[in-house]
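Undergrad: The structure follows.
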Amino acid sequence: MRLTVLDRGHRRRARLFLGMVRRTSGVDMPDVVTMLLYRPELLGGPMLDLTASSMRGPSYWTVPEREFFAASTARLFRCQFCIEAHTELTRLASDGALDATDPVAARPEALAMRDFLAGVSRTPATLGPAPDVPGAAVREALHVNLVWNVINRLGLAFGFLLRDGQLESGTKALHRHGYRMPGFLVGGRGRGDLVANLRRAVFESPGTTTVAERAAAGNGGARAEPWAGYVAKVRDTPERITDEDVAALVAAHGEDAVFEITVAAAVGVSLHSLESGLRVT
């Protein structure tokens, strides 16, 4: 992890929980979980609500197909942490029947949707028509895509790594609990529009940075350097973010500011992609 606060900056209840998991399993929590448990009112609470609903709620798409979409998005972004995790989750969810490493393993509808989601993620301005599936199915897949557009960008920005023993234990836990965490760690289950809840949390919560600064990162508006180049990378080429990029910003502005601006940029561009996909549905 490139930000120490994501490893060691948690509130007391989260620290106790992470320590208990480490003692009982012998393995640290994966980086994505420790990130989501850090300041859950800004990101983790609403993101986990949206993830659980999108990945395990009622849907036209099977659970393995949704994991297949997640693995495909990870390959698009070249986020190795997410590639390995969702390839294994696809295997677990399908009892080995669906192989996320096989580009034509899924049913035709899922393959067509995978290709559409790739355009939503990378070239939303030039999207063709949505696949010939029910409109609700398109919206459900777009919500899956929103989640992993955000998480892959954050994983690349913050340098997520899979450590010894984490793949098997972490994926089994995620699959078993359906992407939910105890309420005492992240707050009560979200109600209403889960996408709107995420937007409000990221762009309206109190923070080290101002609401205006986060809005600028989220909409790609002009910002002074050193933020401008970094925000552009988070939005457009997160795989090019380096340790040096993050270290320079931390030295100038502190870890919480880097966390907030990174989250705002990742969520903002991902919401824009979602809206582009919805317009052609």
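Residues are referred to by chain and number: the chain letter is A, B, ... according to the order shown in the structure tokens, the number counts from 1 in that chain, and ligands are numbered separately from 1 in the order shown.
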Taking 5 positions as the minimum chain separation for residues in the same chain, which residues sit within 6 Å of stretch 119-125 of chain A when counting only C-alpha atoms? Answer as a ChimeraX atom specification.
TA: /A:273,276-277
Undergrad: May I have the residues within 12 Å of A:Gly9 as a list in words, using only C-alpha atoms and disregarding those fewer than 6 positions away in the same chain?
TA: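 Once the nearby chain positions are removed, what remains is Leu3, Arg15, Leu18, Thr34, Met35, Leu36, Leu37, Tyr38, Arg39, Glu255, Asp256 and Phe259 of chain A.
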Undergrad: From the options A:Asn149, A:Thr87, A:Ser59, A:Ser53, which residue's atoms come nearest to A:Thr73, counting only C-alpha atoms?
TA: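 Checking each of A:Asn149, A:Thr87, A:Ser59, A:Ser53 against A:Thr73, counting only C-alpha atoms, the winner is A:Asn149.
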Undergrad: Can you pull out every residue within 12 Å of A:Ala100, counting only C-alpha atoms, but drop anything in the same chain fewer than 3 positions away, and send it as number ranges by chain?
TA: A: 64-75, 83-94, 96-97, 103-106, 110-111, 114
Undergrad: Quick one: contact table of stretch 110-165 of chain A to stretch 220-231 of chain A, 12 Å max, nearest atom pair and distance in Å to one decimal per residue, counting only C-alpha atoms, chain and number order, as a tab-separated table?
TA:
```
residue	atom	partner	partner_atom	distance
A:Arg153	CA	A:Val231	CA	11.0
A:Leu154	CA	A:Val231	CA	11.8
A:Ala157	CA	A:Tyr230	CA	9.5
```
Undergrad: Tell me which of A:Thr4, A:Gln80, A:Asn219, A:Ser54 sits closest to A:Leu156, counting only C-alpha atoms.
TA: A:Gln80
Undergrad: In Å to one decimal, how far is atom CA of A:Ala232 from atom CA of A:Val32?
TA: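 Going from atom CA of A:Val32 over to atom CA of A:Ala232 covers 22.1 Å.
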Undergrad: For A:Met29, which residue among A:Asn152, A:Ser169, A:Thr209, A:Asn197 is the nearest when counting only C-alpha atoms?
TA: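 Checking each candidate against A:Met29, we get A:Ser169 as the closest.
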Undergrad: Smallest atom-to-atom distance to A:His10: which of A:Ala52, A:Val267, A:Leu185, A:Ala112, using only C-alpha atoms?
TA: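 Selected residue with least distance to A:His10: A:Leu185.
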Undergrad: Please report the interatomic distance between atom CA of A:Arg240 and atom CA of A:Arg78 in Å with one decimal.
TA: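 Between atom CA of A:Arg240 and atom CA of A:Arg78 the gap is 10.3 Å.
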Undergrad: Write out as number ranges by chain each polymer residue whose atoms come within 7 Å of A:Ala130, counting only C-alpha atoms; drop sequence neighbours fewer than 6 positions from it.
TA: A: 116, 280-281
Undergrad: Could you list, as a list in words, every residue within 10 Å of A:Glu244, counting only C-alpha atoms and ignoring same-chain residues fewer than 5 positions away?
TA: Arg2, Leu249 and Val250 of chain A
Undergrad: Between A:Ala137, A:Ile241, A:Met55, A:Ala14, which has the minimum distance to A:His175 (counting only C-alpha atoms)?
TA: A:Met55
Undergrad: Could you please determine the separation between atom CA of A:Leu50 and atom CA of A:Leu194 in Å, to one decimal place?
TA: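 Between atom CA of A:Leu50 and atom CA of A:Leu194 the gap works out to 5.6 Å.
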Undergrad: Tell me, as number ranges by chain, which residues lie within 10 Å of stretch 200-203 of chain A, counting only C-alpha atoms; anything in the same chain fewer than 6 positions away does not count.
TA: A: 40-47, 194, 210-218, 260-261, 263-265, 267-268
Undergrad: Would you mind exporting N, CA and C atoms of the selected residues as a tab-separated table (two decimals), in the first residue's frame?
TA:
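out_7.tsv, freshly written:
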```tsv
chain	number	residue	atom	x	y	z
A	40	PRO	N	-14.84	4.92	6.58
A	40	PRO	CA	-15.95	4.32	5.83
A	40	PRO	C	-17.07	5.29	5.49
A	41	GLU	N	-17.17	6.40	6.21
A	41	GLU	CA	-18.21	7.38	5.90
A	41	GLU	C	-17.94	8.10	4.57
A	42	LEU	N	-16.68	8.13	4.15
A	42	LEU	CA	-16.32	8.79	2.90
A	42	LEU	C	-16.43	7.86	1.71
A	43	LEU	N	-16.10	6.57	1.91
A	43	LEU	CA	-16.09	5.64	0.78
A	43	LEU	C	-16.64	4.26	1.15
A	44	GLY	N	-16.04	3.62	2.15
A	44	GLY	CA	-16.28	2.20	2.38
A	44	GLY	C	-17.71	1.81	2.63
A	45	GLY	N	-18.44	2.58	3.45
A	45	GLY	CA	-19.82	2.21	3.76
A	45	GLY	C	-20.70	2.17	2.52
A	46	PRO	N	-20.83	3.29	1.80
A	46	PRO	CA	-21.68	3.27	0.61
A	46	PRO	C	-21.13	2.38	-0.51
A	47	MET	N	-19.83	2.26	-0.61
A	47	MET	CA	-19.27	1.40	-1.65
A	47	MET	C	-19.59	-0.07	-1.38
A	194	LEU	N	-28.48	3.68	-4.03
A	194	LEU	CA	-27.13	3.38	-3.55
A	194	LEU	C	-26.06	4.14	-4.32
A	210	THR	N	-11.48	20.30	0.42
A	210	THR	CA	-12.79	20.95	0.37
A	210	THR	C	-13.70	20.21	-0.60
A	211	VAL	N	-15.00	20.47	-0.45
A	211	VAL	CA	-15.98	19.92	-1.38
A	211	VAL	C	-15.65	20.37	-2.81
A	212	ALA	N	-15.23	21.62	-2.98
A	212	ALA	CA	-14.91	22.13	-4.31
A	212	ALA	C	-13.71	21.40	-4.91
A	213	GLU	N	-12.72	21.11	-4.09
A	213	GLU	CA	-11.53	20.39	-4.59
A	213	GLU	C	-11.90	18.99	-5.04
A	214	ARG	N	-12.74	18.32	-4.26
A	214	ARG	CA	-13.15	16.97	-4.67
A	214	ARG	C	-14.03	17.00	-5.90
A	215	ALA	N	-14.88	18.01	-6.00
A	215	ALA	CA	-15.73	18.13	-7.19
A	215	ALA	C	-14.86	18.33	-8.44
A	216	ALA	N	-13.82	19.14	-8.33
A	216	ALA	CA	-12.93	19.36	-9.46
A	216	ALA	C	-12.24	18.08	-9.87
A	217	ALA	N	-11.77	17.30	-8.90
A	217	ALA	CA	-11.14	16.01	-9.23
A	217	ALA	C	-12.15	15.07	-9.86
A	218	GLY	N	-13.39	15.11	-9.37
A	218	GLY	CA	-14.40	14.20	-9.88
A	218	GLY	C	-14.86	14.50	-11.28
A	260	GLU	N	-8.42	11.36	-0.37
A	260	GLU	CA	-9.68	11.98	-0.75
A	260	GLU	C	-9.72	12.36	-2.23
A	261	ILE	N	-8.65	12.95	-2.73
A	261	ILE	CA	-8.63	13.37	-4.13
A	261	ILE	C	-8.59	12.16	-5.05
A	263	VAL	N	-9.89	9.17	-4.41
A	263	VAL	CA	-11.25	8.61	-4.37
A	263	VAL	C	-12.20	9.46	-5.21
A	264	ALA	N	-12.12	10.78	-5.08
A	264	ALA	CA	-13.01	11.65	-5.83
A	264	ALA	C	-12.79	11.51	-7.33
A	265	ALA	N	-11.53	11.43	-7.76
A	265	ALA	CA	-11.25	11.29	-9.18
A	265	ALA	C	-11.76	9.95	-9.71
A	267	VAL	N	-14.14	7.91	-8.42
A	267	VAL	CA	-15.59	7.83	-8.39
A	267	VAL	C	-16.21	8.74	-9.43
A	268	GLY	N	-15.66	9.94	-9.58
A	268	GLY	CA	-16.22	10.88	-10.54
A	268	GLY	C	-16.19	10.37	-11.97
```
